[in-house]
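S.K.: Just upload-v8.cif, nothing more (mmCIF, C-alpha atoms):
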data_protein
loop_
_atom_site.label_atom_id
_atom_site.label_comp_id
_atom_site.auth_asym_id
_atom_site.auth_seq_id
_atom_site.Cartn_x
_atom_site.Cartn_y
_atom_site.Cartn_z
CA MET H 105 111.73 110.07 115.14
CA LYS H 106 112.64 106.41 114.75
CA ARG H 107 112.72 104.97 111.24
CA ILE H 108 112.32 101.33 110.31
CA PRO H 109 114.11 100.03 107.20
CA LEU H 110 111.71 99.21 104.42
CA LEU H 111 112.29 95.46 104.64
CA LEU H 112 111.34 95.54 108.31
CA ALA H 113 108.41 97.93 107.98
CA ALA H 114 105.70 95.38 108.69
CA GLY H 115 106.94 93.33 105.74
CA VAL H 116 105.11 95.73 103.47
CA PHE H 117 107.47 96.01 100.53
CA LEU H 118 110.27 93.76 99.46
CA SER H 119 112.76 95.16 97.00
CA GLY H 120 113.69 91.66 95.82
CA LEU H 121 110.16 90.80 94.78
CA PRO H 122 109.02 91.75 91.30
CA ALA H 123 105.76 93.60 91.11
CA LEU H 124 102.79 91.94 89.46
CA THR H 125 104.18 88.42 89.62
CA ALA H 126 104.45 85.60 92.08
CA PRO H 127 107.93 84.05 91.92
CA GLY H 128 108.46 80.35 92.35
CA ILE H 129 104.99 79.23 91.28
CA SER H 130 104.76 76.81 88.39
CA GLY H 131 103.26 77.94 85.06
CA ALA H 132 100.31 75.54 85.05
CA ALA H 133 98.96 76.83 88.36
CA LEU H 134 99.29 80.52 87.46
CA ALA H 135 95.70 81.48 86.88
CA ALA H 136 94.51 84.00 89.45
CA GLU H 137 94.52 87.79 89.59
CA LEU H 138 94.19 89.89 92.73
CA THR H 139 93.25 93.57 92.52
CA ILE H 140 93.93 95.74 95.54
CA ALA H 141 91.60 98.74 95.85
CA ILE H 142 93.64 101.28 97.83
CA SER H 143 91.71 104.11 99.46
CA GLY H 144 92.21 106.80 102.09
CA ILE H 145 95.27 108.47 100.54
CA THR H 146 95.13 112.05 101.85
CA SER H 147 97.82 113.61 99.66
CA ALA H 148 99.72 113.05 96.42
CA GLU H 149 103.05 113.32 98.24
CA GLY H 150 105.41 110.33 98.35
CA ARG H 151 104.69 106.72 97.42
CA VAL H 152 102.33 103.95 98.44
CA TYR H 153 103.91 100.54 99.04
CA VAL H 154 101.86 97.32 98.90
CA ALA H 155 102.72 93.67 99.56
CA VAL H 156 100.78 90.47 98.88
CA HIS H 157 101.35 87.68 101.40
CA HIS H 158 100.56 84.01 100.78
CA GLU H 159 99.38 81.83 103.64
CA ARG H 160 102.20 79.81 105.17
CA GLY H 161 101.74 77.72 108.28
CA ASN H 162 105.00 78.59 110.04
CA VAL H 163 105.32 82.26 108.97
CA SER H 164 103.67 85.07 110.87
CA PHE H 165 101.96 87.90 109.00
CA PRO H 166 103.24 90.32 107.75
CA ASP H 167 106.65 88.61 107.81
CA THR H 168 108.69 89.10 104.64
CA GLU H 169 108.97 85.31 104.19
CA GLY H 170 105.25 85.13 103.40
CA ALA H 171 105.30 87.92 100.81
CA VAL H 172 105.05 86.75 97.20
CA ALA H 173 104.69 90.09 95.42
CA GLY H 174 105.17 93.77 96.10
CA ALA H 175 104.77 97.05 94.29
CA TRP H 176 104.89 100.78 94.83
CA ARG H 177 103.16 103.59 93.05
CA MET H 178 103.32 107.34 93.32
CA ALA H 179 100.64 108.48 95.76
CA LYS H 180 97.38 109.71 94.28
CA GLU H 181 94.96 111.56 96.51
CA GLY H 182 91.91 109.41 97.21
CA GLY H 183 93.35 106.11 96.02
CA PHE H 184 93.87 103.76 93.10
CA ASP H 185 94.01 100.07 92.20
CA ILE H 186 97.01 97.78 91.80
CA SER H 187 96.60 94.33 90.21
CA PHE H 188 98.80 91.28 90.65
CA SER H 189 98.35 88.52 88.08
CA GLY H 190 99.82 85.05 87.77
CA LEU H 191 99.06 84.12 91.37
CA GLU H 192 98.37 80.56 92.41
CA PRO H 193 94.82 80.17 93.76
CA GLY H 194 94.84 80.24 97.56
CA ARG H 195 94.52 82.58 100.52
CA TYR H 196 96.29 85.96 100.37
CA ALA H 197 96.55 88.90 102.75
CA VAL H 198 97.69 92.41 101.85
CA SER H 199 99.48 95.20 103.70
CA GLY H 200 100.59 98.65 102.68
CA PHE H 201 101.66 102.10 103.76
CA HIS H 202 101.83 105.68 102.46
CA ASP H 203 105.44 106.87 102.57
CA THR H 204 104.68 110.60 102.55
CA ASP H 205 108.28 111.75 102.94
CA GLY H 206 109.54 109.45 100.17
CA ASP H 207 112.38 107.91 102.16
CA GLY H 208 111.33 104.30 101.46
CA GLU H 209 110.61 103.58 105.13
CA LEU H 210 107.58 103.40 107.39
CA ASP H 211 108.45 106.06 109.97
CA MET H 212 107.72 105.25 113.61
CA ASN H 213 107.88 107.14 116.88
CA LEU H 214 109.99 106.11 119.87
CA LEU H 215 107.30 103.66 120.99
CA GLY H 216 107.30 101.90 117.62
CA ILE H 217 103.94 103.34 116.57
CA PRO H 218 103.81 104.28 112.88
CA THR H 219 103.75 108.02 112.15
CA GLU H 220 102.92 107.45 108.48
CA SER H 221 99.59 105.99 107.43
CA PHE H 222 99.31 102.25 106.84
CA GLY H 223 96.70 99.58 106.30
CA PHE H 224 95.86 95.91 106.04
CA GLY H 225 93.46 94.08 103.74
CA ASN H 226 89.75 94.38 104.50
CA GLY H 227 90.47 97.37 106.75
CA ALA H 228 91.63 94.93 109.46
CA SER H 229 93.53 96.23 112.47
CA GLY H 230 95.45 94.68 115.33
CA LEU H 231 95.13 95.56 118.99
CA PHE H 232 98.83 96.16 119.77
CA GLY H 233 100.48 95.33 116.46
CA PRO H 234 99.67 94.31 112.93
CA ALA H 235 96.33 92.81 111.96
CA SER H 236 96.10 89.03 111.69
CA PHE H 237 96.55 87.17 108.42
CA GLU H 238 93.00 85.83 108.67
CA ALA H 239 91.43 89.28 109.10
CA SER H 240 93.57 90.79 106.30
CA SER H 241 93.08 88.02 103.75
CA ILE H 242 90.82 86.81 100.99
CA ALA H 243 90.38 83.44 99.28
CA LEU H 244 91.53 83.82 95.67
CA LYS H 245 90.23 81.40 93.06
CA GLN H 246 90.39 83.21 89.70
CA THR H 247 89.86 86.94 90.21
CA ALA H 248 89.10 88.98 93.30
CA THR H 249 89.33 92.49 94.68
CA ILE H 250 90.33 93.24 98.26
CA ARG H 251 90.06 96.62 99.94
CA LEU H 252 93.18 98.23 101.43
CA PRO H 253 92.18 101.40 103.28
CA ILE H 254 95.24 103.41 104.30
CA GLY H 255 94.95 105.34 107.55
CA TYR H 256 96.53 105.82 110.93
CA SER H 257 94.51 103.22 112.84
CA GLY H 258 91.22 101.40 113.17
CA PRO H 259 89.00 99.43 110.80
CA ALA H 260 87.56 101.18 107.76
CA GLY H 261 84.14 99.78 107.03
CA PRO H 262 82.95 96.72 105.10
CA THR H 263 85.42 93.96 104.50
CA ASP H 264 86.08 93.16 100.85
CA ARG H 265 84.55 92.86 97.41
CA ARG H 266 84.91 89.39 95.98
CA SER H 267 84.29 88.64 92.33
CA ASP H 268 84.85 84.89 92.22
CA GLN H 269 82.57 83.69 94.99
#
Step by step, read the file and then write its structure as structure tokens.

M.R.:
Amino acid sequence: MKRIPLLLAAGVFLSGLPALTAPGISGAALAAELTIAISGITSAEGRVYVAVHHERGNVSFPDTEGAVAGAWRMAKEGGFDISFSGLEPGRYAVSGFHDTDGDGELDMNLLGIPTESFGFGNGASGLFGPASFEASSIALKQTATIRLPIGYSGPAGPTDRRSDQ
């Protein structure tokens, strides 16, 4: 089984990024909070990693250069919420995966297909790769909640719940 280092695993978690904050954004503009409603966790084994990506014109999603915050939590069967505060209003996409074996990596088979469950915001999926930024994102003004269903593939129902629109 092929393993991808955590920093390369679809840009999902970045060890250098503090959880619950957005580095490099000035204090006056820090006003928004994004809650990620994670669902589809089938066991309490391992950890769930999540990353928040800000829209950048020359960075492809889910590249690590677009990530502004990341966090991990111990897995909880069913799901849970993670909130990120102090974000600048704008467009954000989310990605995540359930690291069931606890090795800090998104495991993949020889073809590069993930063998651990993963997901993108709004339940978005890509045809032969990650979902697009547009499909995985939400416009954040003050507060919003975006769904992040974790699974092996395919969309997972309605898009997102927005509280500031």

S.K.: I'd like the contact shell of range 139-143 of chain H - 9 Å cut-off, all atoms listed in the file, skipping same-chain residues fewer than 2 positions apart - returned as a ChimeraX atom specification.

M.R.: /H:137,145-146,154,181-189,198,200,225,247-255

S.K.: Enter the distance from CA of Val163 in chain H to CA of Glu238 in chain H, in Å, rounded to one decimal.

M.R.: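 Between these atoms lies a distance of 12.8 Å.
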
S.K.: Between H:Thr204, H:Thr219, H:Ser199, H:Thr168, which is the closest to Arg151 in chain H once you count all atoms listed in the file?

M.R.: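 Smallest distance to Arg151 in chain H is found for H:Thr204.
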
S.K.: In terms of the shortest atom-to-atom distance over only C-alpha atoms, which of H:Ser236, H:Asn213, H:Asn226, H:Ser221 is closest to Glu159 in chain H?

M.R.: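 Nearest to Glu159 in chain H: H:Ser236.
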
S.K.: Go through H:Leu244, H:Arg195, H:Ser164, H:Pro218 and flag the residue nearest Phe232 in chain H, using all atoms listed in the file for the distances.

M.R.: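 Nearest to Phe232 in chain H: H:Pro218.
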
S.K.: Could you tell me how far CA of Pro234 in chain H sits from CA of Glu149 in chain H, in Å to one decimal place?

M.R.: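 Separation of CA of Glu149 in chain H and CA of Pro234 in chain H: 24.3 Å.
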